[in-house]
$ cat data30.cif   # mmCIF, C-alpha atoms
data_model
loop_
_atom_site.label_atom_id
_atom_site.label_comp_id
_atom_site.auth_asym_id
_atom_site.auth_seq_id
_atom_site.Cartn_x
_atom_site.Cartn_y
_atom_site.Cartn_z
CA GLU A 1 13.61 25.97 12.88
CA ASP A 2 10.53 24.86 10.94
CA GLN A 3 7.27 25.81 12.61
CA VAL A 4 3.59 25.25 11.96
CA THR A 5 0.82 27.14 13.75
CA GLN A 6 -2.85 26.30 13.35
CA SER A 7 -5.87 28.39 14.28
CA PRO A 8 -8.37 28.31 15.74
CA GLU A 9 -7.66 25.54 18.23
CA ALA A 10 -11.31 24.57 18.21
CA LEU A 11 -14.25 25.45 15.99
CA ARG A 12 -17.94 24.72 16.47
CA LEU A 13 -20.16 25.02 13.41
CA GLN A 14 -23.79 24.44 12.67
CA GLU A 15 -24.41 22.00 9.85
CA GLY A 16 -24.23 23.94 6.60
CA GLU A 17 -22.24 26.82 8.11
CA SER A 18 -19.12 27.25 5.97
CA SER A 19 -15.81 28.31 7.50
CA SER A 20 -12.03 28.16 7.11
CA LEU A 21 -9.16 26.76 9.12
CA ASN A 22 -5.77 28.44 9.05
CA CYS A 23 -2.26 27.02 8.96
CA SER A 24 0.68 29.43 9.01
CA TYR A 25 4.19 28.15 8.58
CA THR A 26 7.82 29.15 8.61
CA VAL A 27 10.14 26.75 6.89
CA SER A 28 13.40 26.93 5.03
CA GLY A 29 12.71 25.47 1.64
CA LEU A 30 9.10 24.34 1.48
CA ARG A 31 8.84 20.91 -0.11
CA GLY A 32 5.15 20.66 0.46
CA LEU A 33 2.29 21.47 2.81
CA PHE A 34 0.02 18.63 3.87
CA TRP A 35 -3.41 18.36 5.42
CA TYR A 36 -4.52 15.37 7.45
CA ARG A 37 -7.73 14.48 9.24
CA GLN A 38 -7.66 12.68 12.59
CA ASP A 39 -10.70 11.10 14.21
CA PRO A 40 -10.70 10.39 17.98
CA GLY A 41 -8.71 7.28 18.82
CA LYS A 42 -7.46 6.91 15.25
CA GLY A 43 -4.36 7.69 13.27
CA PRO A 44 -4.23 10.67 10.91
CA GLU A 45 -5.59 10.20 7.42
CA PHE A 46 -4.02 12.00 4.48
CA LEU A 47 -6.14 14.61 2.69
CA PHE A 48 -4.06 16.92 0.49
CA THR A 49 -0.60 17.95 -0.63
CA LEU A 50 0.09 21.49 -1.85
CA TYR A 51 3.44 22.40 -3.35
CA SER A 52 3.37 25.99 -4.53
CA ALA A 53 1.65 29.29 -3.78
CA GLY A 54 -1.63 29.61 -5.62
CA GLU A 55 -2.25 25.88 -5.75
CA GLU A 56 -5.68 24.56 -4.73
CA LYS A 57 -6.96 21.05 -4.10
CA GLU A 58 -10.54 19.92 -3.52
CA LYS A 59 -12.19 16.86 -2.07
CA GLU A 60 -15.92 16.78 -1.45
CA ARG A 61 -16.69 19.69 0.92
CA LEU A 62 -13.03 20.50 1.54
CA LYS A 63 -10.77 22.84 -0.40
CA ALA A 64 -7.17 23.56 0.52
CA THR A 65 -5.30 26.63 -0.69
CA LEU A 66 -1.72 27.78 -0.28
CA THR A 67 0.07 31.13 -0.15
CA LYS A 68 3.71 31.85 0.60
CA LYS A 69 3.06 32.05 4.33
CA GLU A 70 -0.11 30.11 5.06
CA SER A 71 -2.65 27.58 3.96
CA PHE A 72 -6.38 27.52 4.41
CA LEU A 73 -8.71 24.57 4.61
CA HIS A 74 -12.14 25.77 3.53
CA ILE A 75 -15.13 23.70 4.58
CA THR A 76 -18.27 24.34 2.56
CA ALA A 77 -21.65 23.37 4.00
CA PRO A 78 -20.14 20.98 6.57
CA LYS A 79 -21.94 17.92 7.85
CA PRO A 80 -21.64 16.26 11.28
CA GLU A 81 -19.41 13.57 9.76
CA ASP A 82 -16.83 16.27 9.02
CA SER A 83 -16.23 16.57 12.76
CA ALA A 84 -12.59 15.69 13.41
CA THR A 85 -9.24 17.27 14.17
CA TYR A 86 -7.58 18.68 11.07
CA LEU A 87 -3.80 18.67 11.07
CA CYS A 88 -1.47 20.67 8.91
CA ALA A 89 2.13 19.63 8.31
CA VAL A 90 5.16 20.79 6.37
CA GLY A 91 7.65 18.39 4.97
CA THR A 92 11.32 18.42 4.45
CA ASP A 93 12.83 15.05 5.27
CA LYS A 94 10.22 14.51 7.95
CA LEU A 95 6.80 15.99 8.60
CA ILE A 96 6.42 18.77 11.17
CA PHE A 97 2.81 18.89 12.37
CA GLY A 98 0.78 21.68 13.86
CA THR A 99 -1.35 21.02 16.93
CA GLY A 100 -4.52 20.88 14.86
CA THR A 101 -7.96 22.44 14.77
CA ARG A 102 -10.68 20.43 16.49
CA LEU A 103 -13.82 20.86 14.40
CA GLN A 104 -17.28 20.01 15.70
CA VAL A 105 -20.27 20.23 13.37
CA PHE A 106 -23.70 20.10 14.98
CA PRO A 107 -26.92 19.09 13.19
CA ASN B 1 -4.57 -4.67 1.27
CA ALA B 2 -4.14 -4.34 5.02
CA GLY B 3 -3.19 -0.96 6.38
CA VAL B 4 -0.45 -0.17 8.87
CA MET B 5 -0.84 -2.52 11.82
CA GLN B 6 0.25 -1.49 15.27
CA ASN B 7 0.17 -3.55 18.43
CA PRO B 8 -0.57 -3.50 21.16
CA ARG B 9 -3.30 -0.88 20.88
CA HIS B 10 -3.13 -0.25 24.60
CA LEU B 11 -0.25 -0.96 26.95
CA VAL B 12 0.02 -0.33 30.67
CA ARG B 13 3.39 -0.38 32.35
CA ARG B 14 4.69 0.50 35.78
CA ARG B 15 7.55 2.93 36.17
CA GLY B 16 10.86 1.22 35.42
CA GLN B 17 9.43 -1.47 33.15
CA GLU B 18 10.07 -1.79 29.44
CA ALA B 19 7.58 -1.07 26.67
CA ARG B 20 7.81 -2.59 23.19
CA LEU B 21 5.59 -1.25 20.45
CA ARG B 22 5.34 -3.02 17.12
CA CYS B 23 4.49 -1.73 13.67
CA SER B 24 3.94 -3.65 10.45
CA PRO B 25 3.93 -1.27 7.49
CA MET B 26 1.63 -1.55 4.55
CA LYS B 27 2.57 -4.20 2.02
CA GLY B 28 5.22 -2.88 -0.32
CA HIS B 29 6.24 -0.03 1.99
CA SER B 30 9.85 0.06 3.07
CA HIS B 31 9.87 3.38 4.94
CA VAL B 32 8.64 3.60 8.53
CA TYR B 33 8.20 6.65 10.74
CA TRP B 34 7.38 6.83 14.44
CA TYR B 35 5.55 9.79 15.96
CA ARG B 36 4.49 10.55 19.52
CA GLN B 37 1.34 12.44 20.41
CA LEU B 38 0.87 13.82 23.90
CA PRO B 39 -2.57 14.94 25.08
CA GLU B 40 -3.45 18.35 23.62
CA GLU B 41 -0.19 18.41 21.65
CA GLY B 42 0.64 17.78 18.05
CA LEU B 43 2.36 14.82 16.54
CA LYS B 44 6.09 14.91 17.20
CA PHE B 45 8.49 13.14 14.87
CA MET B 46 10.69 10.60 16.58
CA VAL B 47 12.52 8.43 14.05
CA TYR B 48 12.58 7.43 10.39
CA LEU B 49 13.76 3.97 9.38
CA GLN B 50 14.22 1.91 6.29
CA LYS B 51 14.83 -1.81 6.37
CA GLU B 52 17.81 -2.45 8.68
CA ASN B 53 18.75 1.24 8.75
CA ILE B 54 17.97 4.23 10.94
CA ILE B 55 17.86 7.22 8.61
CA ASP B 56 16.88 10.04 10.97
CA GLU B 57 16.53 9.73 14.74
CA SER B 58 16.69 13.44 15.49
CA GLY B 59 13.38 13.33 17.39
CA MET B 60 14.28 10.42 19.64
CA PRO B 61 15.23 11.07 23.25
CA LYS B 62 18.89 10.22 23.68
CA GLU B 63 18.32 7.79 26.51
CA ARG B 64 15.94 4.86 27.04
CA PHE B 65 14.43 4.99 23.54
CA SER B 66 15.49 2.85 20.60
CA ALA B 67 13.99 1.75 17.30
CA GLU B 68 14.70 -0.90 14.75
CA PHE B 69 13.27 -2.16 11.48
CA PRO B 70 14.80 -5.56 10.81
CA LYS B 71 15.01 -7.28 7.45
CA GLU B 72 12.23 -9.61 8.53
CA GLY B 73 9.41 -8.66 10.84
CA PRO B 74 7.86 -5.49 12.16
CA SER B 75 9.48 -2.28 13.24
CA ILE B 76 9.92 -2.06 17.01
CA LEU B 77 9.96 1.04 19.20
CA ARG B 78 11.47 0.15 22.56
CA ILE B 79 11.27 2.28 25.67
CA GLN B 80 13.34 1.13 28.61
CA GLN B 81 12.73 2.08 32.23
CA VAL B 82 9.52 3.93 31.43
CA VAL B 83 8.54 7.06 33.36
CA ARG B 84 5.15 8.73 33.70
CA GLY B 85 6.12 11.31 31.07
CA ASP B 86 6.33 8.54 28.48
CA SER B 87 2.55 8.12 28.63
CA ALA B 88 1.33 9.04 25.16
CA ALA B 89 -0.03 7.70 21.92
CA TYR B 90 2.68 6.38 19.64
CA PHE B 91 1.86 6.33 15.96
CA CYS B 92 3.66 4.50 13.22
CA ALA B 93 3.39 5.54 9.59
CA SER B 94 4.72 4.03 6.40
CA SER B 95 5.31 5.11 2.83
CA PRO B 96 6.45 3.30 -0.30
CA ASP B 97 9.34 5.69 -0.82
CA HIS B 98 10.75 8.97 0.44
CA SER B 99 9.69 11.15 -2.41
CA GLY B 100 8.52 13.91 -0.13
CA THR B 101 4.90 13.67 -1.20
CA GLY B 102 3.88 13.79 2.43
CA GLU B 103 1.37 11.02 2.00
CA LEU B 104 2.06 8.86 4.99
CA PHE B 105 -0.21 5.98 5.95
CA PHE B 106 -0.72 5.92 9.69
CA GLY B 107 -1.65 3.08 11.97
CA GLU B 108 -4.22 3.49 14.71
CA GLY B 109 -1.58 4.00 17.35
CA SER B 110 -0.41 2.36 20.53
CA ARG B 111 -1.49 4.08 23.71
CA LEU B 112 1.02 3.71 26.51
CA THR B 113 0.02 4.42 30.07
CA VAL B 114 2.70 4.45 32.73
CA LEU B 115 1.47 4.01 36.28
#

$ encode --input "data30.cif" --output "structure tokens"
Amino acid sequence: EDQVTQSPEALRLQEGESSSLNCSYTVSGLRGLFWYRQDPGKGPEFLFTLYSAGEEKEKERLKATLTKKESFLHITAPKPEDSATYLCAVGTDKLIFGTGTRLQVFP
Amino acid sequence: NAGVMQNPRHLVRRRGQEARLRCSPMKGHSHVYWYRQLPEEGLKFMVYLQKENIIDESGMPKERFSAEFPKEGPSILRIQQVVRGDSAAYFCASSPDHSGTGELFFGEGSRLTVL
């Protein structure tokens, strides 16, 4: 059965303090690994798709990387507006989501 | 270009009543997905539909839940005889195709509270 595990569950950072979020997965036949951002009371918003080990994608202060067993979302010099829950998902014919990492960035 | 529209945003029902949640996908999107999110839990896949067809309902409870996506009009998630455990946020997402890119466009969700 496909599984996605995210850690940590919650992360508190000072503005400018870089860190990484982890997503480990077990899936038969990875078709892609996806990162989403979810703000309170909102629906998830797509960030990245990664298809193969070694692939990297960047967007502003975020960089996603992928290995054969896990993905990292690196946040460089975060700002308070980066505060959100970050969701990882794997896709076959439907997306299986992890429970997310709730990130809080304080000024 | 309007995004995915869900209504109602908030719905309160008493145990035993019916709940109907509606989802209009983005213009040009013919694939609709419904997910449920319980407090402190991740998004759980429920059902995947194309126009007039249910493609995958492996995440739908066998009883009381049904979904449709008619040729005209929004997709409907229907929950009959609601129970307290049905209280959750229900999210609809759409995509233009099923290419497996993983880029789903989500609505803002419908929050169901069962008293």

$ closest_atom_pairs --input "data30.cif" --of "chain A" --to "chain B" --cutoff "8 Å" --atoms "only C-alpha atoms" --output "CSV"
residue,atom,partner,partner_atom,distance
A:Arg31,CA,B:Gly100,CA,7.0
A:Gly32,CA,B:Thr101,CA,7.2
A:Leu33,CA,B:Gly102,CA,7.9
A:Phe34,CA,B:Gly102,CA,6.4
A:Gly41,CA,B:Glu108,CA,7.2
A:Lys42,CA,B:Glu108,CA,4.7
A:Gly43,CA,B:Glu108,CA,4.4
A:Pro44,CA,B:Phe106,CA,6.0
A:Glu45,CA,B:Phe106,CA,6.9
A:Phe46,CA,B:Glu103,CA,6.0
A:Thr49,CA,B:Gly102,CA,6.8
A:Gly91,CA,B:Gly102,CA,6.5
A:Thr92,CA,B:Gly100,CA,7.0
A:Asp93,CA,B:Gly100,CA,7.0
A:Lys94,CA,B:Phe45,CA,7.3
A:Leu95,CA,B:Phe45,CA,7.1
A:Ile96,CA,B:Phe45,CA,7.0
A:Phe97,CA,B:Leu43,CA,5.8
A:Gly98,CA,B:Gly42,CA,5.7
A:Thr99,CA,B:Gly42,CA,4.0
A:Gly100,CA,B:Gly42,CA,6.8

$ resolve_selection --input "data30.cif" --expression "the PyMOL selection byres ((chain B and resi 96) around 7)" --output "list in words"
Gly28, His29, Ser30, His31, Ser94, Ser95 and Asp97 of chain B

$ atom_distance --input "data30.cif" --atom1 "CA of Arg20 (chain B)" --atom2 "CA of Ala2 (chain B)"
21.8 Å

$ atom_distance --input "data30.cif" --atom1 "CA of Tyr86 (chain A)" --atom2 "CA of Ala67 (chain B)"
28.1 Å

$ residues_near_point --input "data30.cif" --point "(-13.9, 29.5, 18.7)" --cutoff "12 Å" --atoms "all atoms listed in the file" --output "list in words"
Ser7, Pro8, Glu9, Ala10, Leu11, Arg12, Leu13, Ser19, Ser20, Leu21, Thr101, Arg102, Leu103 and Gln104 of chain A

$ write_last_selection --input "data30.cif" --atoms "C-alpha atoms" --output "PDB file, in the frame of the given file"
ATOM      1  CA  SER A   7      -5.870  28.390  14.280  1.00  0.00           C
ATOM      2  CA  PRO A   8      -8.370  28.310  15.740  1.00  0.00           C
ATOM      3  CA  GLU A   9      -7.660  25.540  18.230  1.00  0.00           C
ATOM      4  CA  ALA A  10     -11.310  24.570  18.210  1.00  0.00           C
ATOM      5  CA  LEU A  11     -14.250  25.450  15.990  1.00  0.00           C
ATOM      6  CA  ARG A  12     -17.940  24.720  16.470  1.00  0.00           C
ATOM      7  CA  LEU A  13     -20.160  25.020  13.410  1.00  0.00           C
ATOM      8  CA  SER A  19     -15.810  28.310   7.500  1.00  0.00           C
ATOM      9  CA  SER A  20     -12.030  28.160   7.110  1.00  0.00           C
ATOM     10  CA  LEU A  21      -9.160  26.760   9.120  1.00  0.00           C
ATOM     11  CA  THR A 101      -7.960  22.440  14.770  1.00  0.00           C
ATOM     12  CA  ARG A 102     -10.680  20.430  16.490  1.00  0.00           C
ATOM     13  CA  LEU A 103     -13.820  20.860  14.400  1.00  0.00           C
ATOM     14  CA  GLN A 104     -17.280  20.010  15.700  1.00  0.00           C
TER      15      GLN A 104
END

$ resolve_selection --input "data30.cif" --expression "the PyMOL selection byres ((chain A and resi 68) around 9)" --output "VMD selection string"
chain A and resid 25 52 to 54 66 to 67 69 to 71

$ atom_distance --input "data30.cif" --atom1 "CA of Ala77 (chain A)" --atom2 "CA of Val4 (chain A)"
26.5 Å

$ closest_residue --input "data30.cif" --among "B:Gln81, B:Ser24, B:Ser87, B:Asn53" --to "His10 (chain B)" --atoms "all atoms listed in the file"
B:Ser87

$ residues_near_point --input "data30.cif" --point "(15.2, 2.7, 18.8)" --cutoff "12 Å" --atoms "only C-alpha atoms" --output "ChimeraX atom specification"
/B:19-22,33-34,46-49,52-70,75-80

$ write_last_selection --input "data30.cif" --atoms "C-alpha atoms" --output "PDB file, in the coordinates of the input"
ATOM      1  CA  ALA B  19       7.580  -1.070  26.670  1.00  0.00           C
ATOM      2  CA  ARG B  20       7.810  -2.590  23.190  1.00  0.00           C
ATOM      3  CA  LEU B  21       5.590  -1.250  20.450  1.00  0.00           C
ATOM      4  CA  ARG B  22       5.340  -3.020  17.120  1.00  0.00           C
ATOM      5  CA  TYR B  33       8.200   6.650  10.740  1.00  0.00           C
ATOM      6  CA  TRP B  34       7.380   6.830  14.440  1.00  0.00           C
ATOM      7  CA  MET B  46      10.690  10.600  16.580  1.00  0.00           C
ATOM      8  CA  VAL B  47      12.520   8.430  14.050  1.00  0.00           C
ATOM      9  CA  TYR B  48      12.580   7.430  10.390  1.00  0.00           C
ATOM     10  CA  LEU B  49      13.760   3.970   9.380  1.00  0.00           C
ATOM     11  CA  GLU B  52      17.810  -2.450   8.680  1.00  0.00           C
ATOM     12  CA  ASN B  53      18.750   1.240   8.750  1.00  0.00           C
ATOM     13  CA  ILE B  54      17.970   4.230  10.940  1.00  0.00           C
ATOM     14  CA  ILE B  55      17.860   7.220   8.610  1.00  0.00           C
ATOM     15  CA  ASP B  56      16.880  10.040  10.970  1.00  0.00           C
ATOM     16  CA  GLU B  57      16.530   9.730  14.740  1.00  0.00           C
ATOM     17  CA  SER B  58      16.690  13.440  15.490  1.00  0.00           C
ATOM     18  CA  GLY B  59      13.380  13.330  17.390  1.00  0.00           C
ATOM     19  CA  MET B  60      14.280  10.420  19.640  1.00  0.00           C
ATOM     20  CA  PRO B  61      15.230  11.070  23.250  1.00  0.00           C
ATOM     21  CA  LYS B  62      18.890  10.220  23.680  1.00  0.00           C
ATOM     22  CA  GLU B  63      18.320   7.790  26.510  1.00  0.00           C
ATOM     23  CA  ARG B  64      15.940   4.860  27.040  1.00  0.00           C
ATOM     24  CA  PHE B  65      14.430   4.990  23.540  1.00  0.00           C
ATOM     25  CA  SER B  66      15.490   2.850  20.600  1.00  0.00           C
ATOM     26  CA  ALA B  67      13.990   1.750  17.300  1.00  0.00           C
ATOM     27  CA  GLU B  68      14.700  -0.900  14.750  1.00  0.00           C
ATOM     28  CA  PHE B  69      13.270  -2.160  11.480  1.00  0.00           C
ATOM     29  CA  PRO B  70      14.800  -5.560  10.810  1.00  0.00           C
ATOM     30  CA  SER B  75       9.480  -2.280  13.240  1.00  0.00           C
ATOM     31  CA  ILE B  76       9.920  -2.060  17.010  1.00  0.00           C
ATOM     32  CA  LEU B  77       9.960   1.040  19.200  1.00  0.00           C
ATOM     33  CA  ARG B  78      11.470   0.150  22.560  1.00  0.00           C
ATOM     34  CA  ILE B  79      11.270   2.280  25.670  1.00  0.00           C
ATOM     35  CA  GLN B  80      13.340   1.130  28.610  1.00  0.00           C
TER      36      GLN B  80
END
